[in-house]
$ cat query_28.cif   # mmCIF, C-alpha atoms, pLDDT in the B column; chains and numbers go by the auth columns
data_model
#
loop_
_atom_site.group_PDB
_atom_site.id
_atom_site.type_symbol
_atom_site.label_atom_id
_atom_site.label_comp_id
_atom_site.label_asym_id
_atom_site.label_seq_id
_atom_site.Cartn_x
_atom_site.Cartn_y
_atom_site.Cartn_z
_atom_site.B_iso_or_equiv
_atom_site.auth_seq_id
_atom_site.auth_asym_id
ATOM 1 C CA MET A 1 -49.879 64.662 36.028 39.00 512 A
ATOM 2 C CA LEU A 2 -49.471 61.210 34.488 47.00 513 A
ATOM 3 C CA LEU A 3 -45.698 61.039 34.100 45.00 514 A
ATOM 4 C CA PRO A 4 -44.750 61.919 37.711 45.00 515 A
ATOM 5 C CA ARG A 5 -47.159 59.243 38.925 49.00 516 A
ATOM 6 C CA LEU A 6 -45.476 56.604 36.756 49.00 517 A
ATOM 7 C CA GLU A 7 -42.410 56.845 38.968 51.00 518 A
ATOM 8 C CA HIS A 8 -44.319 55.567 42.026 51.00 519 A
ATOM 9 C CA VAL A 9 -42.825 52.276 43.136 54.00 520 A
ATOM 10 C CA GLY A 10 -44.290 50.215 45.920 56.00 521 A
ATOM 11 C CA PRO A 11 -47.688 49.067 46.992 61.00 522 A
ATOM 12 C CA ALA A 12 -50.713 50.809 45.582 61.00 523 A
ATOM 13 C CA PRO A 13 -52.079 53.526 47.849 63.00 524 A
ATOM 14 C CA ARG A 14 -55.057 52.605 50.000 67.00 525 A
ATOM 15 C CA LEU A 15 -58.362 53.632 48.455 66.00 526 A
ATOM 16 C CA PRO A 16 -60.611 56.082 50.299 65.00 527 A
ATOM 17 C CA GLY A 17 -64.237 55.411 51.166 72.00 528 A
ATOM 18 C CA GLY A 18 -66.587 55.232 48.206 74.00 529 A
ATOM 19 C CA ALA A 19 -63.931 53.632 45.994 78.00 530 A
ATOM 20 C CA HIS A 20 -64.219 50.065 44.748 82.00 531 A
ATOM 21 C CA PRO A 21 -61.231 48.428 43.044 84.00 532 A
ATOM 22 C CA LEU A 22 -62.156 46.772 39.762 89.00 533 A
ATOM 23 C CA GLY A 23 -58.814 45.229 38.809 92.00 534 A
ATOM 24 C CA TRP A 24 -55.559 46.078 37.088 94.00 535 A
ATOM 25 C CA GLU A 25 -54.705 47.064 33.529 93.00 536 A
ATOM 26 C CA VAL A 26 -51.411 47.586 31.695 94.00 537 A
ATOM 27 C CA LEU A 27 -51.159 50.811 29.713 92.00 538 A
ATOM 28 C CA GLY A 28 -48.582 52.110 27.259 91.00 539 A
ATOM 29 C CA TYR A 29 -47.798 55.834 27.046 91.00 540 A
ATOM 30 C CA ASP A 30 -46.281 57.129 23.803 86.00 541 A
ATOM 31 C CA LEU A 31 -46.171 60.734 22.548 86.00 542 A
ATOM 32 C CA GLY A 32 -49.210 61.794 24.556 85.00 543 A
ATOM 33 C CA ALA A 33 -51.338 58.783 23.654 86.00 544 A
ATOM 34 C CA LEU A 34 -52.340 55.804 25.769 87.00 545 A
ATOM 35 C CA CYS A 35 -53.072 52.301 24.604 86.00 546 A
ATOM 36 C CA ASP A 36 -53.773 49.226 26.679 87.00 547 A
ATOM 37 C CA TRP A 37 -52.260 45.779 26.567 85.00 548 A
ATOM 38 C CA LEU A 38 -54.899 44.631 24.079 81.00 549 A
ATOM 39 C CA CYS A 39 -52.933 46.603 21.483 77.00 550 A
ATOM 40 C CA HIS A 40 -50.400 44.593 19.523 71.00 551 A
ATOM 41 C CA ASP A 41 -51.861 41.280 20.812 78.00 552 A
ATOM 42 C CA LEU A 42 -50.056 41.681 24.139 87.00 553 A
ATOM 43 C CA TYR A 43 -53.000 40.120 25.986 88.00 554 A
ATOM 44 C CA ARG A 44 -52.873 36.919 23.947 90.00 555 A
ATOM 45 C CA ASP A 45 -49.084 36.692 24.203 91.00 556 A
ATOM 46 C CA ALA A 46 -49.055 37.417 27.956 92.00 557 A
ATOM 47 C CA VAL A 47 -51.595 34.692 28.662 91.00 558 A
ATOM 48 C CA ARG A 48 -49.562 32.228 26.618 93.00 559 A
ATOM 49 C CA GLU A 49 -46.050 33.249 27.722 94.00 560 A
ATOM 50 C CA LEU A 50 -46.630 34.375 31.318 95.00 561 A
ATOM 51 C CA GLY A 51 -49.638 32.257 32.209 95.00 562 A
ATOM 52 C CA VAL A 52 -51.548 35.260 33.554 94.00 563 A
ATOM 53 C CA ALA A 53 -55.293 35.067 34.049 92.00 564 A
ATOM 54 C CA THR A 54 -57.870 37.835 33.865 91.00 565 A
ATOM 55 C CA ASP A 55 -61.369 38.257 35.208 91.00 566 A
ATOM 56 C CA GLY A 56 -64.539 38.455 33.120 89.00 567 A
ATOM 57 C CA HIS A 57 -63.730 42.069 32.209 87.00 568 A
ATOM 58 C CA GLY A 58 -60.195 41.282 31.006 88.00 569 A
ATOM 59 C CA LEU A 59 -58.585 42.871 34.069 93.00 570 A
ATOM 60 C CA LEU A 60 -55.606 41.511 35.959 95.00 571 A
ATOM 61 C CA PRO A 61 -56.189 40.421 39.558 93.00 572 A
ATOM 62 C CA ASP A 62 -53.446 42.302 41.427 93.00 573 A
ATOM 63 C CA ALA A 63 -50.597 44.808 41.315 92.00 574 A
ATOM 64 C CA ALA A 64 -47.875 42.155 41.232 94.00 575 A
ATOM 65 C CA THR A 65 -49.325 40.556 38.093 95.00 576 A
ATOM 66 C CA ALA A 66 -49.809 43.944 36.416 95.00 577 A
ATOM 67 C CA HIS A 67 -46.207 44.939 37.218 94.00 578 A
ATOM 68 C CA ARG A 68 -44.961 41.644 35.791 95.00 579 A
ATOM 69 C CA VAL A 69 -46.936 42.115 32.553 95.00 580 A
ATOM 70 C CA ALA A 70 -45.774 45.748 32.245 94.00 581 A
ATOM 71 C CA ALA A 71 -42.111 44.771 32.682 94.00 582 A
ATOM 72 C CA TRP A 72 -42.543 41.963 30.153 94.00 583 A
ATOM 73 C CA ALA A 73 -44.182 44.344 27.633 93.00 584 A
ATOM 74 C CA GLN A 74 -41.424 46.918 28.163 92.00 585 A
ATOM 75 C CA ALA A 75 -38.706 44.330 27.497 93.00 586 A
ATOM 76 C CA ARG A 76 -40.206 43.141 24.195 90.00 587 A
ATOM 77 C CA ASP A 77 -38.815 44.467 20.941 85.00 588 A
ATOM 78 C CA ASP A 78 -42.013 43.950 18.949 83.00 589 A
ATOM 79 C CA THR A 79 -44.307 46.345 20.813 78.00 590 A
ATOM 80 C CA ALA A 80 -44.955 50.033 20.299 74.00 591 A
ATOM 81 C CA PRO A 81 -42.114 52.224 21.597 81.00 592 A
ATOM 82 C CA ALA A 82 -44.165 53.080 24.658 87.00 593 A
ATOM 83 C CA LEU A 83 -43.626 53.283 28.393 91.00 594 A
ATOM 84 C CA TRP A 84 -45.666 50.329 29.715 92.00 595 A
ATOM 85 C CA PHE A 85 -46.982 50.597 33.279 92.00 596 A
ATOM 86 C CA PRO A 86 -49.613 49.044 35.571 94.00 597 A
ATOM 87 C CA ALA A 87 -52.781 50.970 36.374 92.00 598 A
ATOM 88 C CA ARG A 88 -55.462 50.195 38.944 89.00 599 A
ATOM 89 C CA LEU A 89 -59.028 50.755 37.744 89.00 600 A
ATOM 90 C CA THR A 90 -61.410 52.029 40.385 87.00 601 A
ATOM 91 C CA ALA A 91 -65.155 52.649 40.456 85.00 602 A
ATOM 92 C CA TRP A 92 -66.403 55.505 42.615 81.00 603 A
ATOM 93 C CA ASP A 93 -69.743 55.907 44.347 79.00 604 A
ATOM 94 C CA LEU A 94 -71.444 59.086 43.226 71.00 605 A
ATOM 95 C CA PRO A 95 -73.308 61.119 45.832 63.00 606 A
ATOM 96 C CA PRO A 96 -77.071 61.302 45.339 56.00 607 A
ATOM 97 C CA ALA A 97 -78.187 64.307 43.324 55.00 608 A
ATOM 98 C CA ALA A 98 -79.138 67.349 45.398 53.00 609 A
ATOM 99 C CA GLY A 99 -82.340 67.812 43.443 52.00 610 A
ATOM 100 C CA PRO A 100 -83.902 67.425 40.032 56.00 611 A
ATOM 101 C CA VAL A 101 -81.609 68.226 37.157 53.00 612 A
ATOM 102 C CA GLY A 102 -82.611 71.362 35.289 54.00 613 A
ATOM 103 C CA GLY A 103 -85.425 72.126 37.574 49.00 614 A
#
$ encode --input "query_28.cif" --output "structure tokens"
Amino acid sequence: MLLPRLEHVGPAPRLPGGAHPLGWEVLGYDLGALCDWLCHDLYRDAVRELGVATDGHGLLPDAATAHRVAAWAQARDDTAPALWFPARLTAWDLPPAAGPVGG
């Protein structure tokens, strides 16, 4: 399901109730494995070369910044031969448990 979703271009879909956006990450997909932009010192280079800023968790603030970092990572010749793409991280509220676990 990952690869068809990588082709989505445009604004990020609106989140449903119970979802809380945390920020944006840049991921690289290569031969079934994922790595993030902390691999290969991309974070350090992106801050220096692109002037991007992250929050206290190391996440990018918006889709536009994540797309810019992903395109920059894809264009480099010193990164892993991966498909770099932006990804929104989301926290979800969990419903209260219906009763005691195991009891």
$ resolve_selection --input "query_28.cif" --expression "the PyMOL selection byres ((chain A and resi 556-573) around 9)" --output "list in words"
Leu533, Gly534, Trp535, Glu536, Val537, Asp552, Leu553, Tyr554, Arg555, Ala574, Ala575, Thr576, Ala577, His578, Arg579, Val580, Trp583, Ala584, Arg599 and Leu600 of chain A
$ write_last_selection --input "query_28.cif" --atoms "C-alpha atoms" --output "PDB file, keeping the file's coordinate frame"
ATOM      1  CA  LEU A 533     -62.156  46.772  39.762  1.00 89.00           C
ATOM      2  CA  GLY A 534     -58.814  45.229  38.809  1.00 92.00           C
ATOM      3  CA  TRP A 535     -55.559  46.078  37.088  1.00 94.00           C
ATOM      4  CA  GLU A 536     -54.705  47.064  33.529  1.00 93.00           C
ATOM      5  CA  VAL A 537     -51.411  47.586  31.695  1.00 94.00           C
ATOM      6  CA  ASP A 552     -51.861  41.280  20.812  1.00 78.00           C
ATOM      7  CA  LEU A 553     -50.056  41.681  24.139  1.00 87.00           C
ATOM      8  CA  TYR A 554     -53.000  40.120  25.986  1.00 88.00           C
ATOM      9  CA  ARG A 555     -52.873  36.919  23.947  1.00 90.00           C
ATOM     10  CA  ALA A 574     -50.597  44.808  41.315  1.00 92.00           C
ATOM     11  CA  ALA A 575     -47.875  42.155  41.232  1.00 94.00           C
ATOM     12  CA  THR A 576     -49.325  40.556  38.093  1.00 95.00           C
ATOM     13  CA  ALA A 577     -49.809  43.944  36.416  1.00 95.00           C
ATOM     14  CA  HIS A 578     -46.207  44.939  37.218  1.00 94.00           C
ATOM     15  CA  ARG A 579     -44.961  41.644  35.791  1.00 95.00           C
ATOM     16  CA  VAL A 580     -46.936  42.115  32.553  1.00 95.00           C
ATOM     17  CA  TRP A 583     -42.543  41.963  30.153  1.00 94.00           C
ATOM     18  CA  ALA A 584     -44.182  44.344  27.633  1.00 93.00           C
ATOM     19  CA  ARG A 599     -55.462  50.195  38.944  1.00 89.00           C
ATOM     20  CA  LEU A 600     -59.028  50.755  37.744  1.00 89.00           C
TER      21      LEU A 600
END
$ residues_around --input "query_28.cif" --residues "Gly539 of chain A" --least-positions-apart "2" --cutoff "6 Å" --atoms "all atoms listed in the file" --output "list of chain:residue names"
A:Leu545, A:Cys546, A:Asp547, A:Ala593, A:Leu594, A:Trp595
$ closest_residue --input "query_28.cif" --among "A:Ala591, A:Pro532, A:Trp603, A:Pro597" --to "Ala544 of chain A" --atoms "all atoms listed in the file"
A:Ala591
$ atom_distance --input "query_28.cif" --atom1 "atom CA of Cys550 of chain A" --atom2 "atom CA of Pro592 of chain A"
12.2 Å
$ atom_distance --input "query_28.cif" --atom1 "atom CA of Leu549 of chain A" --atom2 "atom CA of Thr601 of chain A"
19.1 Å
$ resolve_selection --input "query_28.cif" --expression "the PyMOL selection byres ((chain A and resi 529) around 7)" --output "PyMOL selection string"
chain A and resi 527-528+530-531+603-604
$ axis_aligned_box --input "query_28.cif" --around "segment 579-591 of chain A" --padding-each-side "5 Å" --output "AutoDock Vina command-line options"
--center_x -42.8 --center_y 45.8 --center_z 27.4 --size_x 18.2 --size_y 18.4 --size_z 26.8
